[in-house]
file structure.txt (compact mmCIF, C-alpha atoms and all ligand atoms)
# COMPACT_ATOMS: atom_id res chain seq x y z
CA MET A 16 32.36 -250.13 -6.71
CA LYS A 17 29.62 -248.00 -8.23
CA MET A 18 26.40 -249.86 -8.98
CA ASN A 19 24.11 -248.90 -11.87
CA PRO A 20 20.58 -249.93 -12.77
CA LEU A 21 20.25 -252.59 -15.46
CA GLY A 22 17.51 -250.96 -17.50
CA ARG A 23 14.15 -251.12 -15.75
CA THR A 24 14.76 -254.64 -14.44
CA GLY A 25 15.21 -253.59 -10.83
CA LEU A 26 18.64 -255.25 -10.85
CA THR A 27 21.82 -253.29 -10.31
CA VAL A 28 25.14 -254.15 -11.92
CA SER A 29 28.66 -253.14 -10.96
CA GLU A 30 30.34 -250.45 -13.08
CA LEU A 31 32.84 -253.13 -14.16
CA CYS A 32 31.74 -256.41 -15.70
CA LEU A 33 34.09 -259.38 -16.05
CA GLY A 34 34.42 -260.35 -19.71
CA THR A 35 35.21 -264.02 -20.28
CA MET A 36 35.77 -264.44 -23.99
CA THR A 37 39.36 -265.63 -23.53
CA PHE A 38 38.42 -268.35 -21.00
CA GLY A 39 39.24 -271.60 -22.80
CA THR A 40 41.88 -270.26 -25.18
CA GLN A 41 44.24 -267.64 -23.72
CA THR A 42 42.94 -268.10 -20.17
CA SER A 43 42.89 -271.59 -18.64
CA GLU A 44 39.98 -273.01 -16.68
CA ALA A 45 41.87 -272.62 -13.38
CA GLU A 46 42.79 -269.01 -14.20
CA GLY A 47 39.21 -268.30 -15.24
CA HIS A 48 37.92 -269.68 -11.94
CA ALA A 49 40.45 -267.61 -10.01
CA GLN A 50 39.34 -264.51 -11.93
CA ILE A 51 35.69 -265.11 -11.05
CA ASP A 52 36.64 -265.53 -7.37
CA ARG A 53 38.71 -262.35 -7.38
CA ALA A 54 36.14 -260.31 -9.28
CA LEU A 55 33.32 -261.28 -6.94
CA ALA A 56 35.49 -260.71 -3.87
CA ASP A 57 36.30 -257.19 -5.08
CA GLY A 58 32.74 -256.08 -5.70
CA ILE A 59 32.03 -257.07 -9.30
CA ASN A 60 28.59 -258.68 -9.54
CA PHE A 61 28.40 -259.03 -13.31
CA ILE A 62 29.87 -261.66 -15.67
CA ASP A 63 29.45 -261.63 -19.44
CA THR A 64 29.84 -264.58 -21.79
CA ALA A 65 28.39 -265.98 -25.04
CA GLU A 66 27.55 -269.38 -26.47
CA MET A 67 30.21 -268.97 -29.20
CA TYR A 68 33.12 -268.12 -26.87
CA PRO A 69 36.09 -268.51 -26.55
CA VAL A 70 37.69 -266.31 -29.21
CA ASN A 71 41.23 -265.79 -30.51
CA PRO A 72 40.33 -267.92 -32.37
CA VAL A 73 36.66 -268.91 -32.55
CA SER A 74 36.54 -272.53 -33.73
CA LYS A 75 33.94 -275.23 -34.11
CA GLU A 76 35.86 -277.37 -31.59
CA THR A 77 35.85 -274.75 -28.84
CA VAL A 78 32.37 -273.18 -29.23
CA GLY A 79 30.70 -273.40 -25.81
CA ARG A 80 33.93 -273.96 -23.86
CA THR A 81 33.79 -270.61 -22.05
CA GLU A 82 30.27 -271.31 -20.81
CA GLU A 83 31.48 -274.74 -19.65
CA ILE A 84 34.27 -273.12 -17.64
CA ILE A 85 31.78 -270.81 -15.93
CA GLY A 86 29.66 -273.94 -15.47
CA THR A 87 32.35 -275.84 -13.58
CA TRP A 88 32.76 -272.78 -11.33
CA ASN A 89 28.98 -272.72 -10.75
CA ALA A 90 29.00 -276.44 -9.97
CA ALA A 91 31.76 -275.95 -7.42
CA ASN A 92 30.04 -272.90 -5.88
CA PRO A 93 26.30 -273.75 -5.84
CA ALA A 94 25.51 -271.34 -3.01
CA ARG A 95 26.98 -268.36 -4.89
CA ARG A 96 24.81 -268.32 -8.00
CA GLY A 97 22.59 -265.59 -6.56
CA ASP A 98 25.59 -263.34 -5.88
CA PHE A 99 26.06 -262.24 -9.48
CA ILE A 100 24.28 -261.32 -12.67
CA LEU A 101 25.17 -263.77 -15.45
CA ALA A 102 24.80 -262.60 -19.04
CA THR A 103 25.21 -264.75 -22.12
CA LYS A 104 24.37 -264.42 -25.81
CA HIS A 105 22.67 -266.15 -28.71
CA SER A 106 24.86 -265.79 -31.84
CA GLY A 107 23.35 -263.87 -34.72
CA GLU A 108 23.07 -264.89 -38.36
CA GLY A 109 26.26 -265.78 -40.19
CA MET A 110 28.38 -267.41 -37.45
CA GLN A 111 29.30 -270.57 -39.37
CA HIS A 112 30.59 -272.38 -36.27
CA VAL A 113 27.20 -272.14 -34.55
CA ARG A 114 24.10 -273.77 -36.12
CA ASP A 115 25.79 -273.34 -39.52
CA GLY A 116 25.14 -269.61 -39.42
CA ALA A 117 21.37 -269.85 -38.92
CA PRO A 118 19.57 -266.62 -38.00
CA ILE A 119 18.10 -266.03 -34.54
CA SER A 120 14.46 -267.14 -34.62
CA ALA A 121 11.61 -268.39 -32.45
CA ALA A 122 12.79 -271.90 -33.38
CA THR A 123 16.43 -271.47 -32.33
CA ILE A 124 15.82 -269.61 -29.05
CA PRO A 125 14.53 -272.48 -26.83
CA GLN A 126 17.23 -274.99 -27.84
CA THR A 127 19.99 -272.39 -27.63
CA ILE A 128 18.96 -271.32 -24.14
CA GLU A 129 18.68 -274.94 -22.97
CA ALA A 130 22.19 -275.64 -24.28
CA SER A 131 23.63 -272.57 -22.51
CA LEU A 132 21.89 -273.53 -19.26
CA ARG A 133 23.40 -277.02 -19.48
CA ARG A 134 26.92 -275.73 -20.12
CA LEU A 135 26.64 -272.98 -17.50
CA ARG A 136 25.23 -275.49 -15.00
CA THR A 137 22.66 -273.04 -13.78
CA GLU A 138 18.88 -272.91 -13.70
CA TYR A 139 18.62 -269.38 -15.06
CA ILE A 140 20.37 -266.75 -17.13
CA ASP A 141 19.94 -263.23 -15.75
CA LEU A 142 20.49 -261.36 -19.01
CA TYR A 143 19.97 -263.10 -22.34
CA GLN A 144 21.41 -261.11 -25.23
CA PHE A 145 21.23 -261.35 -29.00
CA HIS A 146 24.89 -261.12 -30.04
CA TRP A 147 24.21 -259.16 -33.24
CA PRO A 148 21.12 -258.55 -35.33
CA ASN A 149 20.26 -260.99 -38.13
CA ARG A 150 20.07 -258.04 -40.49
CA GLY A 151 23.73 -257.20 -39.81
CA SER A 152 25.46 -254.50 -37.77
CA TYR A 153 27.64 -251.49 -38.43
CA MET A 154 29.87 -252.46 -35.52
CA PHE A 155 33.17 -254.34 -36.04
CA ARG A 156 34.45 -251.56 -38.37
CA ARG A 157 31.59 -252.14 -40.82
CA ASN A 158 30.50 -248.52 -40.29
CA TRP A 159 32.88 -247.50 -43.10
CA SER A 160 30.79 -249.24 -45.72
CA TYR A 161 27.43 -249.53 -43.99
CA ASP A 162 24.44 -249.76 -46.32
CA PRO A 163 21.12 -250.79 -44.79
CA SER A 164 19.16 -250.33 -48.02
CA GLY A 165 18.92 -254.10 -48.59
CA GLN A 166 17.02 -254.62 -45.34
CA ASN A 167 13.46 -255.91 -45.39
CA ARG A 168 11.51 -253.95 -42.79
CA GLU A 169 8.49 -256.27 -42.67
CA GLU A 170 10.67 -259.37 -42.29
CA THR A 171 12.77 -257.71 -39.60
CA LEU A 172 9.74 -256.67 -37.56
CA ALA A 173 8.00 -260.04 -37.95
CA ASN A 174 11.16 -261.81 -36.75
CA MET A 175 11.44 -259.44 -33.77
CA GLU A 176 7.85 -260.08 -32.77
CA ALA A 177 8.23 -263.86 -33.02
CA CYS A 178 11.49 -263.72 -31.03
CA LEU A 179 9.85 -261.64 -28.29
CA ASP A 180 7.13 -264.29 -27.98
CA ALA A 181 9.72 -267.05 -27.75
CA LEU A 182 11.71 -265.06 -25.18
CA GLN A 183 8.60 -264.43 -23.08
CA THR A 184 7.99 -268.18 -22.97
CA GLN A 185 11.53 -268.58 -21.66
CA VAL A 186 10.95 -265.86 -19.05
CA ASP A 187 7.73 -267.60 -17.96
CA LYS A 188 9.62 -270.90 -17.63
CA GLY A 189 12.22 -269.18 -15.45
CA ASN A 190 15.06 -269.98 -17.89
CA ILE A 191 15.96 -266.34 -18.49
CA ARG A 192 15.18 -263.26 -16.44
CA HIS A 193 15.84 -260.36 -18.82
CA PHE A 194 16.61 -259.57 -22.45
CA GLY A 195 19.41 -257.48 -23.92
CA LEU A 196 20.79 -256.53 -27.32
CA SER A 197 24.32 -256.34 -28.65
CA ASN A 198 25.85 -254.63 -31.68
CA GLU A 199 22.50 -252.91 -32.22
CA SER A 200 21.52 -249.59 -33.73
CA ALA A 201 19.18 -246.89 -32.45
CA TRP A 202 16.50 -247.85 -35.00
CA GLY A 203 16.70 -251.54 -34.11
CA THR A 204 16.52 -250.92 -30.38
CA ALA A 205 13.58 -248.56 -30.79
CA GLN A 206 11.69 -251.28 -32.68
CA TRP A 207 12.40 -253.87 -29.99
CA LEU A 208 11.12 -251.42 -27.36
CA ARG A 209 8.00 -250.53 -29.35
CA LEU A 210 7.11 -254.15 -30.09
CA ALA A 211 7.65 -255.22 -26.48
CA GLU A 212 5.26 -252.51 -25.37
CA ARG A 213 2.68 -253.74 -27.84
CA THR A 214 3.03 -257.47 -27.21
CA GLY A 215 3.96 -257.47 -23.54
CA GLY A 216 7.18 -259.30 -24.40
CA PRO A 217 10.42 -258.70 -22.47
CA ARG A 218 11.65 -255.09 -22.56
CA VAL A 219 15.23 -254.51 -23.69
CA ALA A 220 17.36 -253.91 -20.60
CA SER A 221 20.72 -253.07 -22.16
CA ILE A 222 22.76 -252.67 -25.33
CA GLN A 223 26.20 -254.25 -25.45
CA ASN A 224 28.22 -252.32 -28.04
CA GLU A 225 31.89 -251.49 -28.37
CA TYR A 226 32.72 -248.27 -26.56
CA SER A 227 35.96 -246.75 -25.35
CA LEU A 228 38.09 -243.62 -25.71
CA MET A 229 38.87 -244.99 -29.17
CA CYS A 230 35.39 -246.07 -30.31
CA ARG A 231 32.62 -243.57 -29.60
CA LEU A 232 29.93 -244.44 -32.12
CA TYR A 233 27.48 -244.60 -29.20
CA ASP A 234 27.76 -240.91 -28.32
CA THR A 235 24.87 -239.52 -30.38
CA ASP A 236 21.64 -241.32 -31.32
CA LEU A 237 22.19 -244.36 -29.12
CA ALA A 238 23.10 -242.08 -26.20
CA GLU A 239 19.78 -240.31 -26.62
CA LEU A 240 17.91 -243.58 -26.78
CA SER A 241 19.74 -244.90 -23.71
CA VAL A 242 18.91 -242.03 -21.39
CA ASN A 243 15.31 -241.55 -22.53
CA GLU A 244 14.42 -245.23 -22.50
CA ASP A 245 16.55 -246.43 -19.56
CA VAL A 246 18.48 -248.87 -21.71
CA GLY A 247 22.05 -248.69 -20.44
CA LEU A 248 25.20 -249.35 -22.40
CA LEU A 249 27.30 -252.39 -21.60
CA ALA A 250 30.54 -251.14 -23.13
CA PHE A 251 32.67 -253.93 -24.56
CA SER A 252 36.40 -253.57 -25.27
CA PRO A 253 36.78 -250.49 -23.02
CA LEU A 254 40.58 -250.87 -23.28
CA ALA A 255 40.31 -250.98 -27.08
CA ALA A 256 41.33 -254.66 -27.03
CA GLY A 257 44.52 -253.75 -25.16
CA LEU A 258 45.62 -250.78 -27.32
CA LEU A 259 44.88 -248.29 -24.53
CA THR A 260 47.34 -250.03 -22.21
CA GLY A 261 50.06 -248.63 -24.49
CA LYS A 262 51.71 -252.01 -24.90
CA TYR A 263 51.52 -251.97 -28.69
CA GLN A 264 53.11 -248.54 -29.18
CA ALA A 265 56.27 -248.20 -31.29
CA GLY A 266 55.56 -251.44 -33.14
CA ALA A 267 55.72 -253.69 -30.08
CA VAL A 268 53.81 -256.97 -30.21
CA PRO A 269 54.32 -258.71 -26.85
CA GLU A 270 54.45 -262.49 -26.96
CA GLY A 271 51.09 -264.10 -26.24
CA SER A 272 49.23 -260.78 -26.54
CA ARG A 273 46.02 -260.53 -28.56
CA MET A 274 47.85 -258.80 -31.39
CA SER A 275 50.26 -261.75 -31.58
CA LEU A 276 47.22 -263.96 -32.23
CA VAL A 277 45.04 -261.55 -34.22
CA PRO A 278 47.50 -259.25 -36.04
CA GLU A 279 45.00 -256.59 -37.16
CA LEU A 280 43.21 -256.60 -33.80
CA GLY A 281 39.84 -256.87 -35.49
CA GLY A 282 40.51 -253.95 -37.83
CA ARG A 283 41.69 -251.64 -35.04
CA LYS A 284 45.40 -251.58 -35.89
CA GLY A 285 46.68 -248.66 -37.92
CA PRO A 286 48.70 -245.44 -37.73
CA ARG A 287 45.71 -243.32 -36.68
CA ALA A 288 44.99 -245.70 -33.81
CA PHE A 289 48.55 -245.49 -32.49
CA ALA A 290 48.48 -241.68 -32.73
CA ALA A 291 45.24 -241.56 -30.76
CA VAL A 292 46.61 -243.95 -28.13
CA ALA A 293 49.71 -241.73 -27.83
CA ALA A 294 47.47 -238.73 -27.08
CA TYR A 295 45.63 -240.61 -24.32
CA LEU A 296 48.88 -241.99 -22.88
CA GLU A 297 50.27 -238.43 -22.70
CA ILE A 298 47.22 -237.23 -20.78
CA ALA A 299 47.56 -240.11 -18.34
CA GLU A 300 51.25 -239.44 -17.87
CA ARG A 301 50.76 -235.68 -17.36
CA HIS A 302 48.28 -236.36 -14.58
CA GLY A 303 50.05 -239.31 -12.98
CA LEU A 304 47.34 -241.76 -13.97
CA ASP A 305 47.62 -245.38 -15.03
CA PRO A 306 46.22 -245.39 -18.60
CA VAL A 307 44.17 -248.50 -17.82
CA HIS A 308 42.63 -246.70 -14.84
CA MET A 309 41.99 -243.59 -16.92
CA ALA A 310 40.25 -245.52 -19.72
CA LEU A 311 37.96 -247.39 -17.32
CA ALA A 312 37.28 -244.46 -14.96
CA TRP A 313 36.32 -242.36 -18.00
CA CYS A 314 33.65 -244.93 -18.93
CA ARG A 315 32.03 -244.27 -15.56
CA THR A 316 31.62 -240.57 -16.43
CA ARG A 317 29.47 -241.25 -19.49
CA PRO A 318 25.75 -240.52 -18.98
CA PHE A 319 24.44 -243.77 -20.49
CA MET A 320 26.88 -246.24 -18.96
CA ALA A 321 25.57 -249.32 -17.16
CA SER A 322 28.83 -251.30 -17.06
CA ALA A 323 32.19 -251.57 -18.81
CA ILE A 324 32.93 -255.16 -19.87
CA PHE A 325 36.69 -255.45 -19.71
CA GLY A 326 38.87 -258.44 -20.42
CA ALA A 327 41.87 -259.88 -18.58
CA THR A 328 43.88 -262.79 -19.85
CA ARG A 329 45.86 -262.87 -16.62
CA MET A 330 45.21 -262.10 -12.97
CA GLU A 331 47.58 -259.08 -12.93
CA GLN A 332 45.44 -257.49 -15.65
CA LEU A 333 42.29 -258.08 -13.62
CA ASP A 334 43.89 -256.55 -10.53
CA ARG A 335 44.94 -253.50 -12.51
CA ALA A 336 41.44 -253.04 -13.96
CA LEU A 337 39.97 -253.29 -10.48
CA GLY A 338 42.21 -250.42 -9.36
CA SER A 339 40.21 -248.08 -11.62
CA VAL A 340 37.26 -247.99 -9.24
CA GLU A 341 39.31 -245.82 -6.84
CA VAL A 342 40.14 -243.29 -9.55
CA VAL A 343 38.07 -240.15 -10.14
CA LEU A 344 39.06 -238.10 -13.17
CA SER A 345 39.43 -234.35 -12.64
CA ASP A 346 37.72 -231.76 -14.83
CA ALA A 347 41.15 -230.96 -16.29
CA VAL A 348 41.67 -234.59 -17.37
CA LEU A 349 38.17 -234.77 -18.85
CA ALA A 350 38.77 -231.57 -20.82
CA GLU A 351 42.03 -232.94 -22.20
CA ILE A 352 40.28 -236.18 -23.14
CA ASP A 353 37.64 -234.18 -25.02
CA ALA A 354 40.36 -232.30 -26.88
CA ALA A 355 42.16 -235.55 -27.77
CA HIS A 356 38.89 -236.99 -29.02
CA ARG A 357 38.33 -233.99 -31.33
CA ALA A 358 41.90 -234.31 -32.60
CA HIS A 359 41.60 -238.09 -33.13
CA PRO A 360 37.95 -238.87 -33.97
CA MET A 361 37.18 -242.45 -35.00
CA PRO A 362 40.76 -243.71 -35.04
CA TYR A 363 39.55 -247.02 -36.54
N1 LIG B 1 29.18 -258.28 -27.86
C1 LIG B 1 30.27 -258.38 -28.58
O1 LIG B 1 30.23 -258.46 -29.82
C2 LIG B 1 31.60 -258.42 -27.89
C3 LIG B 1 32.79 -258.26 -28.63
C4 LIG B 1 34.00 -258.26 -27.93
C5 LIG B 1 34.00 -258.42 -26.56
N2 LIG B 1 32.83 -258.59 -25.87
C6 LIG B 1 32.81 -258.78 -24.39
O2 LIG B 1 33.67 -257.83 -23.81
C7 LIG B 1 34.69 -258.48 -23.05
C8 LIG B 1 35.96 -257.67 -23.08
O3 LIG B 1 36.41 -257.49 -24.42
P1 LIG B 1 37.94 -257.18 -24.66
O4 LIG B 1 38.74 -258.32 -24.10
O5 LIG B 1 38.10 -256.82 -26.08
O6 LIG B 1 38.13 -255.90 -23.72
P2 LIG B 1 39.33 -254.93 -23.38
O7 LIG B 1 39.22 -254.69 -21.92
O8 LIG B 1 39.30 -253.77 -24.29
O9 LIG B 1 40.67 -255.73 -23.73
C9 LIG B 1 41.11 -256.72 -22.86
C10 LIG B 1 42.44 -257.28 -23.33
O10 LIG B 1 43.46 -256.29 -23.27
C11 LIG B 1 44.64 -256.85 -22.74
N3 LIG B 1 44.88 -256.25 -21.43
C12 LIG B 1 43.97 -255.97 -20.47
N4 LIG B 1 44.55 -255.43 -19.39
C13 LIG B 1 45.86 -255.34 -19.67
C14 LIG B 1 46.98 -254.86 -18.95
N5 LIG B 1 46.86 -254.36 -17.72
N6 LIG B 1 48.20 -254.93 -19.55
C15 LIG B 1 48.34 -255.41 -20.80
N7 LIG B 1 47.31 -255.91 -21.52
C16 LIG B 1 46.08 -255.87 -20.96
C17 LIG B 1 44.40 -258.35 -22.62
O11 LIG B 1 44.70 -259.00 -23.85
P3 LIG B 1 46.06 -259.79 -24.12
O12 LIG B 1 46.68 -260.19 -22.82
O13 LIG B 1 45.64 -260.96 -24.95
O14 LIG B 1 46.91 -258.88 -24.91
C18 LIG B 1 42.90 -258.40 -22.44
O15 LIG B 1 42.32 -259.62 -22.82
C19 LIG B 1 34.78 -259.88 -23.66
O16 LIG B 1 35.33 -260.83 -22.79
C20 LIG B 1 33.32 -260.14 -23.95
O17 LIG B 1 32.66 -260.55 -22.76
C21 LIG B 1 31.65 -258.57 -26.53

call {"tool": "encode", "arguments": {"input": "structure.txt", "output": "structure tokens"}}
result
Amino acid sequence: MKMNPLGRTGLTVSELCLGTMTFGTQTSEAEGHAQIDRALADGINFIDTAEMYPVNPVSKETVGRTEEIIGTWNAANPARRGDFILATKHSGEGMQHVRDGAPISAATIPQTIEASLRRLRTEYIDLYQFHWPNRGSYMFRRNWSYDPSGQNREETLANMEACLDALQTQVDKGNIRHFGLSNESAWGTAQWLRLAERTGGPRVASIQNEYSLMCRLYDTDLAELSVNEDVGLLAFSPLAAGLLTGKYQAGAVPEGSRMSLVPELGGRKGPRAFAAVAAYLEIAERHGLDPVHMALAWCRTRPFMASAIFGATRMEQLDRALGSVEVVLSDAVLAEIDAAHRAHPMPY
């Protein structure tokens, strides 16, 4: 398993990170615990969660359940807490099921961290992430109608500065070790970096944005920011929420699959998506590769990648994802992937 630096924190994270957002809905507590055991045994040292998980669906009744499931694992394995990097997230503005949609602020940060620590049954969070910016995000297919002209620069910067202060207090208390962003833009991340330099607050270690063969918004300005500032990408949905496995081709909707629960797959479903998937499946087939392995091994080749946060609702899926660490893509495969990307840019 390749290890990558987590920003300038001095920590290293495995190239694969275990996503947990289905623990508590599609994935039972026992299965979740088994997945953590297997992931750690096979060299993963990185687990990602969020206060609002599980998903599919998100509901007021289940908010926090995923952290609780990780918490019962922590309680049963007290000696193992130092073996892995645990990342969680503070929900951004507008999530009605959490604090009635309140924005992230200096006031919400301490109580939100304390609640996560209680559920996770740990004394510290290694990477504390803001799930999405209060001012909104162009991720989640909002890029098609993105208009930042309503943003208030002074308010945004004042909020960032106050949040950095609150986060530093949490670092000083030992509650969190490092700070990360999610669903952020290049401008936003640059401001966080600049303000942290000025105030001495925690420096952004990572950006968790969607990234896969099918979603490559990160390839330009954010890529530049990543490599120059040592802020690595934590790529979520590297299998395009399951599309890249090929299981949804030709109109198939397997029972119990994400698409059976979330028919539009978060705005990813559509004819252009299936055509793009077909192109990647053909490349995999031509070269005798498992498409899951190809999608994850490709992430490793990207210059800004810190870790790919994949999901597995079942143990067989986790095992298959783990197989990708043995796979090295040839120059011929990479060239064909580039050609497919040009032929199928932004399939959703
Ligand atoms: N920051 C954010 O806003 C954000 C957003 C989304 C996710 N995330 C993080 O990223 C993690 C991963 O996201 P994701 O689940 O969308 O990632 P993904 O790796 O693209 O998709 C994983 C899903 O694909 C299906 N799948 C995986 N392997 C398969 C296989 N071998 N055969 C058939 N189906 C397979 C499973 O869904 P089914 O079995 O249900 O079909 C699985 O849950 C989350 O757990 C979370 O930690 C963060």

call {"tool": "residues_near_ligand", "arguments": {"input": "structure.txt", "ligand": "ligand LIG 1 (chain B)", "cutoff": "7 Å", "atoms": "all atoms listed in the file", "output": "PyMOL selection string"}}
result
chain A and resi 33-37+41+63-64+146-147+197-198+223-225+251-257+260+262+271-274+307+324-329+331-333+335-336

call {"tool": "write_last_selection", "arguments": {"input": "structure.txt", "atoms": "C-alpha atoms", "output": "mmCIF file, in the frame of the given file"}}
result
data_model
loop_
_atom_site.group_PDB
_atom_site.id
_atom_site.type_symbol
_atom_site.label_atom_id
_atom_site.label_comp_id
_atom_site.auth_asym_id
_atom_site.auth_seq_id
_atom_site.Cartn_x
_atom_site.Cartn_y
_atom_site.Cartn_z
ATOM 1 C CA LEU A 33 34.090 -259.380 -16.050
ATOM 2 C CA GLY A 34 34.420 -260.350 -19.710
ATOM 3 C CA THR A 35 35.210 -264.020 -20.280
ATOM 4 C CA MET A 36 35.770 -264.440 -23.990
ATOM 5 C CA THR A 37 39.360 -265.630 -23.530
ATOM 6 C CA GLN A 41 44.240 -267.640 -23.720
ATOM 7 C CA ASP A 63 29.450 -261.630 -19.440
ATOM 8 C CA THR A 64 29.840 -264.580 -21.790
ATOM 9 C CA HIS A 146 24.890 -261.120 -30.040
ATOM 10 C CA TRP A 147 24.210 -259.160 -33.240
ATOM 11 C CA SER A 197 24.320 -256.340 -28.650
ATOM 12 C CA ASN A 198 25.850 -254.630 -31.680
ATOM 13 C CA GLN A 223 26.200 -254.250 -25.450
ATOM 14 C CA ASN A 224 28.220 -252.320 -28.040
ATOM 15 C CA GLU A 225 31.890 -251.490 -28.370
ATOM 16 C CA PHE A 251 32.670 -253.930 -24.560
ATOM 17 C CA SER A 252 36.400 -253.570 -25.270
ATOM 18 C CA PRO A 253 36.780 -250.490 -23.020
ATOM 19 C CA LEU A 254 40.580 -250.870 -23.280
ATOM 20 C CA ALA A 255 40.310 -250.980 -27.080
ATOM 21 C CA ALA A 256 41.330 -254.660 -27.030
ATOM 22 C CA GLY A 257 44.520 -253.750 -25.160
ATOM 23 C CA THR A 260 47.340 -250.030 -22.210
ATOM 24 C CA LYS A 262 51.710 -252.010 -24.900
ATOM 25 C CA GLY A 271 51.090 -264.100 -26.240
ATOM 26 C CA SER A 272 49.230 -260.780 -26.540
ATOM 27 C CA ARG A 273 46.020 -260.530 -28.560
ATOM 28 C CA MET A 274 47.850 -258.800 -31.390
ATOM 29 C CA VAL A 307 44.170 -248.500 -17.820
ATOM 30 C CA ILE A 324 32.930 -255.160 -19.870
ATOM 31 C CA PHE A 325 36.690 -255.450 -19.710
ATOM 32 C CA GLY A 326 38.870 -258.440 -20.420
ATOM 33 C CA ALA A 327 41.870 -259.880 -18.580
ATOM 34 C CA THR A 328 43.880 -262.790 -19.850
ATOM 35 C CA ARG A 329 45.860 -262.870 -16.620
ATOM 36 C CA GLU A 331 47.580 -259.080 -12.930
ATOM 37 C CA GLN A 332 45.440 -257.490 -15.650
ATOM 38 C CA LEU A 333 42.290 -258.080 -13.620
ATOM 39 C CA ARG A 335 44.940 -253.500 -12.510
ATOM 40 C CA ALA A 336 41.440 -253.040 -13.960
#

call {"tool": "atom_distance", "arguments": {"input": "structure.txt", "atom1": "CA of Ala49 (chain A)", "atom2": "CA of Met330 (chain A)"}}
result
7.9 Å

call {"tool": "residues_near_point", "arguments": {"input": "structure.txt", "point": "(36.4, -237.7, -10.9)", "cutoff": "12 Å", "atoms": "only C-alpha atoms", "output": "short mmCIF file (atom, residue, chain, number, x, y, z; two decimals) with C-alpha atoms, in the frame of the given file"}}
result
data_model
loop_
_atom_site.label_atom_id
_atom_site.label_comp_id
_atom_site.auth_asym_id
_atom_site.auth_seq_id
_atom_site.Cartn_x
_atom_site.Cartn_y
_atom_site.Cartn_z
CA HIS A 308 42.63 -246.70 -14.84
CA MET A 309 41.99 -243.59 -16.92
CA LEU A 311 37.96 -247.39 -17.32
CA ALA A 312 37.28 -244.46 -14.96
CA TRP A 313 36.32 -242.36 -18.00
CA CYS A 314 33.65 -244.93 -18.93
CA ARG A 315 32.03 -244.27 -15.56
CA THR A 316 31.62 -240.57 -16.43
CA ARG A 317 29.47 -241.25 -19.49
CA SER A 339 40.21 -248.08 -11.62
CA VAL A 340 37.26 -247.99 -9.24
CA GLU A 341 39.31 -245.82 -6.84
CA VAL A 342 40.14 -243.29 -9.55
CA VAL A 343 38.07 -240.15 -10.14
CA LEU A 344 39.06 -238.10 -13.17
CA SER A 345 39.43 -234.35 -12.64
CA ASP A 346 37.72 -231.76 -14.83
CA ALA A 347 41.15 -230.96 -16.29
CA VAL A 348 41.67 -234.59 -17.37
CA LEU A 349 38.17 -234.77 -18.85
CA ALA A 350 38.77 -231.57 -20.82
#

call {"tool": "closest_atom_pairs", "arguments": {"input": "structure.txt", "of": "region 136-184 of chain A", "to": "region 106-124 of chain A", "cutoff": "9 Å", "atoms": "all atoms listed in the file", "output": "Markdown table"}}
result
| residue | atom | partner | partner_atom | distance |
| --- | --- | --- | --- | --- |
| A:Gln144 | CA | A:Ser106 | CA | 8.8 |
| A:Phe145 | CA | A:Ser106 | CA | 6.4 |
| A:His146 | CA | A:Ser106 | CA | 5.0 |
| A:Trp147 | CA | A:Gly107 | CA | 5.0 |
| A:Pro148 | CA | A:Gly107 | CA | 5.8 |
| A:Asn149 | CA | A:Glu108 | CA | 4.8 |
| A:Arg150 | CA | A:Glu108 | CA | 7.8 |
| A:Gly151 | CA | A:Glu108 | CA | 7.9 |
| A:Asn174 | CA | A:Ser120 | CA | 6.6 |
| A:Met175 | CA | A:Ser120 | CA | 8.3 |
| A:Ala177 | CA | A:Ala121 | CA | 5.7 |
| A:Cys178 | CA | A:Ala121 | CA | 4.9 |
| A:Leu179 | CA | A:Ala121 | CA | 8.1 |
| A:Asp180 | CA | A:Ala121 | CA | 7.5 |
| A:Ala181 | CA | A:Ala121 | CA | 5.2 |
| A:Leu182 | CA | A:Ile124 | CA | 7.3 |

call {"tool": "residues_around", "arguments": {"input": "structure.txt", "residues": "Trp202 (chain A)", "least_positions_apart": "5", "cutoff": "12 Å", "atoms": "all atoms listed in the file", "output": "PyMOL selection string"}}
result
chain A and resi 148+152+163+168+171-172+207-209+236-237+239-240

call {"tool": "closest_residue", "arguments": {"input": "structure.txt", "among": "A:Thr214, A:Ser221, A:Gln264, A:Gln50", "to": "Glu244 (chain A)", "atoms": "all atoms listed in the file"}}
result
A:Ser221

call {"tool": "residues_around", "arguments": {"input": "structure.txt", "residues": "Leu259 (chain A)", "least_positions_apart": "6", "cutoff": "12 Å", "atoms": "only C-alpha atoms", "output": "short mmCIF file (atom, residue, chain, number, x, y, z; two decimals) with C-alpha atoms, keeping the file's coordinate frame"}}
result
data_model
loop_
_atom_site.label_atom_id
_atom_site.label_comp_id
_atom_site.auth_asym_id
_atom_site.auth_seq_id
_atom_site.Cartn_x
_atom_site.Cartn_y
_atom_site.Cartn_z
CA SER A 227 35.96 -246.75 -25.35
CA LEU A 228 38.09 -243.62 -25.71
CA MET A 229 38.87 -244.99 -29.17
CA CYS A 230 35.39 -246.07 -30.31
CA SER A 252 36.40 -253.57 -25.27
CA PRO A 253 36.78 -250.49 -23.02
CA ARG A 283 41.69 -251.64 -35.04
CA LYS A 284 45.40 -251.58 -35.89
CA ALA A 288 44.99 -245.70 -33.81
CA PHE A 289 48.55 -245.49 -32.49
CA ALA A 290 48.48 -241.68 -32.73
CA ALA A 291 45.24 -241.56 -30.76
CA VAL A 292 46.61 -243.95 -28.13
CA ALA A 293 49.71 -241.73 -27.83
CA ALA A 294 47.47 -238.73 -27.08
CA TYR A 295 45.63 -240.61 -24.32
CA LEU A 296 48.88 -241.99 -22.88
CA GLU A 297 50.27 -238.43 -22.70
CA ILE A 298 47.22 -237.23 -20.78
CA ALA A 299 47.56 -240.11 -18.34
CA ASP A 305 47.62 -245.38 -15.03
CA PRO A 306 46.22 -245.39 -18.60
CA VAL A 307 44.17 -248.50 -17.82
CA HIS A 308 42.63 -246.70 -14.84
CA MET A 309 41.99 -243.59 -16.92
CA ALA A 310 40.25 -245.52 -19.72
CA LEU A 311 37.96 -247.39 -17.32
CA PHE A 325 36.69 -255.45 -19.71
#
